[in-house]
Amino acid sequence: MKRRWVGSVMTDEVVSALSGTPADEVARWLAEYDINGLPVVDADDRVIGVVSATDLKRARRATAAEGTPTAGAVMSAPALTVRADDSVVRAARLMSTSGVERLPVVDEEARLVGMVTRRDVLRIFARPDGDIRDEVIDEIVVRALWLSPRSVDVAVHDGVVTLSGHLDSSGAVAIAVRMTRQVDGVTAVVNHLTHRYEAPYRQPA
């Protein structure tokens, strides 16, 4: 099945700050590039934190009392990051559970290589229903289960996939449902499949 990886949707031209970059300069960059956060890196380009617009708002309240803050002083750390070879699904879940709009993408040594945003992720999940249906039929029904395209009725509406039909085994039904849930753009699976007998799926000889 086609899987989408963070590296295929990320932006590799990233605005970043050093720990000593003045917070006012970071604020100017956020406005200039129309972004709501950027990574903070060390001298070796390793990500050590993230400065968001919210962080800067808090910093402004303390400016009068403490002087001009730096990116390192106001950043959130440690930074939540993903790898280029992580799935887009993992990035989406991390954004959702953490309430963030963007994630730095790092290599195996934690060096900055890109940035992935919620907008990047939504482009993948906002797939046309017809594309989702074609992938389920071709990649799952035909290639994975070795069945005729008409063996399973696949209906898709707003990302919700309904599977109907009669398969040989309970194992085949389980595979069809599990793999359909993993297709990019699928938000839910409604299982109306039935089976002849309880048994693991065995690929035809």
# chains A, B, ... in the order shown; residues from 1 in each chain; ligands from 1
>>> residues_around(residues="Val136 in chain A", least_positions_apart="4", cutoff="9 Å", atoms="only C-alpha atoms", output="list in words")
Met1, Asp131, Ile132, Ile140, Val141, Val142, Val154, Ala176, Met179, Thr180 and Val183 of chain A
>>> write_last_selection(atoms="C-alpha atoms", output="PDB file, in the first residue's frame")
ATOM      1  CA  MET A   1       0.000   0.000   0.000  1.00  0.00           C
ATOM      2  CA  ASP A 131      -8.872   8.106  -4.774  1.00  0.00           C
ATOM      3  CA  ILE A 132      -9.378   6.334  -1.458  1.00  0.00           C
ATOM      4  CA  ILE A 140      -6.186  -4.433  -0.583  1.00  0.00           C
ATOM      5  CA  VAL A 141      -8.911  -6.347  -2.400  1.00  0.00           C
ATOM      6  CA  VAL A 142      -6.846  -7.264  -5.461  1.00  0.00           C
ATOM      7  CA  VAL A 154     -16.249  -0.422  -1.316  1.00  0.00           C
ATOM      8  CA  ALA A 176      -9.425  -6.133   4.857  1.00  0.00           C
ATOM      9  CA  MET A 179      -5.458  -2.538   6.041  1.00  0.00           C
ATOM     10  CA  THR A 180      -8.281  -0.192   5.062  1.00  0.00           C
ATOM     11  CA  VAL A 183      -4.984   3.944   4.063  1.00  0.00           C
TER      12      VAL A 183
END
>>> residues_around(residues="Val161 in chain A", least_positions_apart="6", cutoff="10 Å", atoms="only C-alpha atoms", output="count of residues only")
16
>>> residues_around(residues="Tyr197 in chain A", least_positions_apart="5", cutoff="10 Å", atoms="only C-alpha atoms", output="number ranges by chain")
A: 167-171
>>> write_last_selection(atoms="N, CA, C and O atoms", output="PDB file, in the first residue's frame")
ATOM      1  N   LEU A 167     -16.784 -12.968   2.308  1.00  0.00           N
ATOM      2  CA  LEU A 167     -15.461 -13.546   2.099  1.00  0.00           C
ATOM      3  C   LEU A 167     -15.403 -14.960   2.670  1.00  0.00           C
ATOM      4  O   LEU A 167     -16.274 -15.377   3.423  1.00  0.00           O
ATOM      5  N   ASP A 168     -14.335 -15.661   2.329  1.00  0.00           N
ATOM      6  CA  ASP A 168     -14.206 -17.045   2.779  1.00  0.00           C
ATOM      7  C   ASP A 168     -13.982 -17.156   4.279  1.00  0.00           C
ATOM      8  O   ASP A 168     -14.642 -17.937   4.965  1.00  0.00           O
ATOM      9  N   SER A 169     -13.037 -16.381   4.824  1.00  0.00           N
ATOM     10  CA  SER A 169     -12.643 -16.596   6.211  1.00  0.00           C
ATOM     11  C   SER A 169     -12.719 -15.322   7.047  1.00  0.00           C
ATOM     12  O   SER A 169     -12.691 -14.205   6.515  1.00  0.00           O
ATOM     13  N   SER A 170     -12.785 -15.538   8.360  1.00  0.00           N
ATOM     14  CA  SER A 170     -12.761 -14.404   9.277  1.00  0.00           C
ATOM     15  C   SER A 170     -11.418 -13.687   9.202  1.00  0.00           C
ATOM     16  O   SER A 170     -11.330 -12.472   9.399  1.00  0.00           O
ATOM     17  N   GLY A 171     -10.355 -14.456   8.910  1.00  0.00           N
ATOM     18  CA  GLY A 171      -9.040 -13.848   8.771  1.00  0.00           C
ATOM     19  C   GLY A 171      -8.966 -12.865   7.624  1.00  0.00           C
ATOM     20  O   GLY A 171      -8.337 -11.803   7.734  1.00  0.00           O
TER      21      GLY A 171
END
>>> atom_distance(atom1="CA of Glu135 in chain A", atom2="CA of Asp153 in chain A")
13.1 Å
>>> closest_residue(among="A:Ala27, A:Thr162, A:Val40, A:His192", to="Met75 in chain A", atoms="only C-alpha atoms")
A:Val40
>>> select_by_dssp(residues="range 21-181 of chain A", states="strand (DSSP E or B)", output="short mmCIF file (atom, residue, chain, number, x, y, z; two decimals) with N, CA, C and O atoms, in the first residue's frame")
data_model
loop_
_atom_site.label_atom_id
_atom_site.label_comp_id
_atom_site.auth_asym_id
_atom_site.auth_seq_id
_atom_site.Cartn_x
_atom_site.Cartn_y
_atom_site.Cartn_z
N PRO A 22 17.85 37.46 19.74
CA PRO A 22 16.88 38.24 20.53
C PRO A 22 15.44 37.85 20.18
O PRO A 22 15.12 37.59 19.01
N GLY A 37 5.69 29.75 14.66
CA GLY A 37 6.72 29.18 15.50
C GLY A 37 7.92 28.78 14.67
O GLY A 37 7.81 28.59 13.45
N LEU A 38 9.08 28.66 15.33
CA LEU A 38 10.28 28.22 14.62
C LEU A 38 11.20 27.49 15.59
O LEU A 38 11.16 27.70 16.79
N PRO A 39 12.05 26.62 15.05
CA PRO A 39 12.96 25.85 15.91
C PRO A 39 14.16 26.68 16.36
O PRO A 39 14.59 27.61 15.66
N VAL A 40 14.67 26.31 17.51
CA VAL A 40 15.92 26.91 18.01
C VAL A 40 16.99 25.82 17.95
O VAL A 40 16.76 24.70 18.41
N VAL A 41 18.12 26.15 17.36
CA VAL A 41 19.18 25.16 17.15
C VAL A 41 20.46 25.62 17.83
O VAL A 41 20.66 26.80 18.11
N ARG A 46 21.59 21.24 15.79
CA ARG A 46 20.72 20.31 16.51
C ARG A 46 19.59 21.09 17.15
O ARG A 46 19.80 22.15 17.75
N VAL A 47 18.38 20.56 17.05
CA VAL A 47 17.21 21.25 17.59
C VAL A 47 17.20 21.13 19.11
O VAL A 47 17.25 20.02 19.66
N ILE A 48 17.15 22.28 19.79
CA ILE A 48 17.13 22.28 21.26
C ILE A 48 15.83 22.83 21.83
O ILE A 48 15.59 22.74 23.03
N GLY A 49 14.99 23.38 20.99
CA GLY A 49 13.71 23.91 21.46
C GLY A 49 12.92 24.53 20.32
O GLY A 49 13.35 24.51 19.16
N VAL A 50 11.77 25.07 20.66
CA VAL A 50 10.90 25.74 19.69
C VAL A 50 10.35 27.01 20.33
O VAL A 50 9.96 27.00 21.49
N VAL A 51 10.36 28.09 19.56
CA VAL A 51 9.75 29.34 20.02
C VAL A 51 8.45 29.55 19.25
O VAL A 51 8.45 29.56 18.02
N SER A 52 7.36 29.71 19.98
CA SER A 52 6.06 29.95 19.36
C SER A 52 5.62 31.38 19.62
O SER A 52 6.21 32.10 20.44
N THR A 70 16.05 36.35 25.10
CA THR A 70 16.57 35.68 23.91
C THR A 70 15.68 34.48 23.58
O THR A 70 14.84 34.07 24.38
N SER A 76 10.27 26.73 24.25
CA SER A 76 9.76 25.52 24.89
C SER A 76 10.75 24.40 24.61
O SER A 76 11.14 24.18 23.46
N VAL A 82 10.06 15.04 14.78
CA VAL A 82 9.82 13.81 14.03
C VAL A 82 10.99 13.61 13.07
O VAL A 82 11.77 14.53 12.83
N ARG A 83 11.07 12.40 12.53
CA ARG A 83 12.10 12.08 11.53
C ARG A 83 11.47 12.08 10.15
O ARG A 83 10.25 11.89 9.99
N SER A 87 5.99 8.19 9.63
CA SER A 87 4.78 8.31 8.82
C SER A 87 4.08 9.63 9.08
O SER A 87 4.19 10.21 10.18
N ARG A 102 3.12 22.77 14.20
CA ARG A 102 4.26 22.43 13.35
C ARG A 102 5.28 21.66 14.17
O ARG A 102 5.38 21.81 15.38
N LEU A 103 6.05 20.81 13.48
CA LEU A 103 7.07 20.00 14.13
C LEU A 103 8.38 20.08 13.36
O LEU A 103 8.39 19.93 12.13
N PRO A 104 9.50 20.32 14.04
CA PRO A 104 10.79 20.23 13.37
C PRO A 104 11.06 18.78 12.94
O PRO A 104 10.71 17.84 13.66
N VAL A 105 11.67 18.63 11.79
CA VAL A 105 12.06 17.31 11.29
C VAL A 105 13.58 17.21 11.45
O VAL A 105 14.32 18.10 11.01
N VAL A 106 14.03 16.14 12.09
CA VAL A 106 15.46 15.99 12.39
C VAL A 106 16.01 14.69 11.82
O VAL A 106 15.25 13.76 11.52
N ARG A 111 19.78 16.78 14.11
CA ARG A 111 20.01 18.01 13.35
C ARG A 111 18.79 18.35 12.52
O ARG A 111 18.14 17.47 11.94
N LEU A 112 18.51 19.62 12.41
CA LEU A 112 17.34 20.11 11.68
C LEU A 112 17.48 19.86 10.18
O LEU A 112 18.48 20.23 9.56
N VAL A 113 16.45 19.21 9.59
CA VAL A 113 16.44 18.98 8.15
C VAL A 113 15.18 19.51 7.49
O VAL A 113 15.09 19.57 6.25
N GLY A 114 14.19 19.91 8.28
CA GLY A 114 12.95 20.39 7.68
C GLY A 114 11.91 20.74 8.73
O GLY A 114 12.18 20.70 9.94
N MET A 115 10.73 21.07 8.25
CA MET A 115 9.61 21.39 9.12
C MET A 115 8.34 20.84 8.49
O MET A 115 8.15 20.95 7.28
N VAL A 116 7.48 20.23 9.30
CA VAL A 116 6.20 19.76 8.80
C VAL A 116 5.10 20.46 9.59
O VAL A 116 5.20 20.61 10.82
N THR A 117 4.07 20.92 8.90
CA THR A 117 3.00 21.67 9.53
C THR A 117 1.68 20.91 9.44
O THR A 117 1.55 19.95 8.68
N ASP A 153 -17.62 -4.80 -2.00
CA ASP A 153 -18.21 -3.51 -2.35
C ASP A 153 -17.59 -2.45 -1.45
O ASP A 153 -17.68 -2.52 -0.22
N VAL A 154 -16.93 -1.47 -2.06
CA VAL A 154 -16.25 -0.42 -1.32
C VAL A 154 -16.94 0.90 -1.59
O VAL A 154 -16.96 1.38 -2.73
N ALA A 155 -17.51 1.49 -0.55
CA ALA A 155 -18.16 2.79 -0.66
C ALA A 155 -17.44 3.77 0.26
O ALA A 155 -17.11 3.43 1.40
N VAL A 156 -17.18 4.98 -0.23
CA VAL A 156 -16.45 5.97 0.55
C VAL A 156 -17.21 7.29 0.54
O VAL A 156 -17.61 7.78 -0.52
N HIS A 157 -17.41 7.84 1.73
CA HIS A 157 -18.08 9.14 1.84
C HIS A 157 -17.39 9.95 2.93
O HIS A 157 -17.35 9.56 4.09
N VAL A 160 -15.00 8.11 5.15
CA VAL A 160 -15.52 6.93 5.85
C VAL A 160 -15.73 5.82 4.83
O VAL A 160 -16.49 5.98 3.87
N VAL A 161 -15.05 4.69 5.03
CA VAL A 161 -15.11 3.57 4.08
C VAL A 161 -16.05 2.50 4.61
O VAL A 161 -15.90 2.05 5.76
N THR A 162 -17.00 2.10 3.79
CA THR A 162 -17.90 0.99 4.13
C THR A 162 -17.56 -0.20 3.25
O THR A 162 -17.56 -0.10 2.02
N LEU A 163 -17.24 -1.33 3.91
CA LEU A 163 -16.90 -2.56 3.20
C LEU A 163 -18.06 -3.54 3.32
O LEU A 163 -18.52 -3.83 4.43
N SER A 164 -18.52 -4.06 2.18
CA SER A 164 -19.62 -5.02 2.18
C SER A 164 -19.26 -6.18 1.26
O SER A 164 -18.54 -6.01 0.28
N GLY A 165 -19.77 -7.36 1.60
CA GLY A 165 -19.51 -8.53 0.77
C GLY A 165 -19.36 -9.78 1.62
O GLY A 165 -19.50 -9.73 2.86
N HIS A 166 -19.10 -10.90 0.97
CA HIS A 166 -19.01 -12.19 1.66
C HIS A 166 -17.67 -12.82 1.31
O HIS A 166 -17.43 -13.17 0.15
N LEU A 167 -16.78 -12.97 2.31
CA LEU A 167 -15.46 -13.55 2.10
C LEU A 167 -15.40 -14.96 2.67
O LEU A 167 -16.27 -15.38 3.42
N ASP A 168 -14.34 -15.66 2.33
CA ASP A 168 -14.21 -17.05 2.78
C ASP A 168 -13.98 -17.16 4.28
O ASP A 168 -14.64 -17.94 4.97
N SER A 169 -13.04 -16.38 4.82
CA SER A 169 -12.64 -16.60 6.21
C SER A 169 -12.72 -15.32 7.05
O SER A 169 -12.69 -14.21 6.51
#
>>> closest_residue(among="A:Met95, A:Ala126, A:Val152, A:Met10", to="Asp138 in chain A", atoms="only C-alpha atoms")
A:Val152
>>> closest_residue(among="A:Val121, A:Glu108, A:Ala17, A:Pro78", to="Leu94 in chain A", atoms="only C-alpha atoms")
A:Val121
>>> atom_distance(atom1="CA of Leu56 in chain A", atom2="CA of Asp42 in chain A")
19.4 Å
>>> select_by_dssp(residues="range 78-138 of chain A", states="alpha helix (DSSP H)", output="NGL selection string")
:A and (88-98 or 118-125 or 129-135)
>>> atom_distance(atom1="CA of Asp34 in chain A", atom2="CA of Asp107 in chain A")
25.5 Å
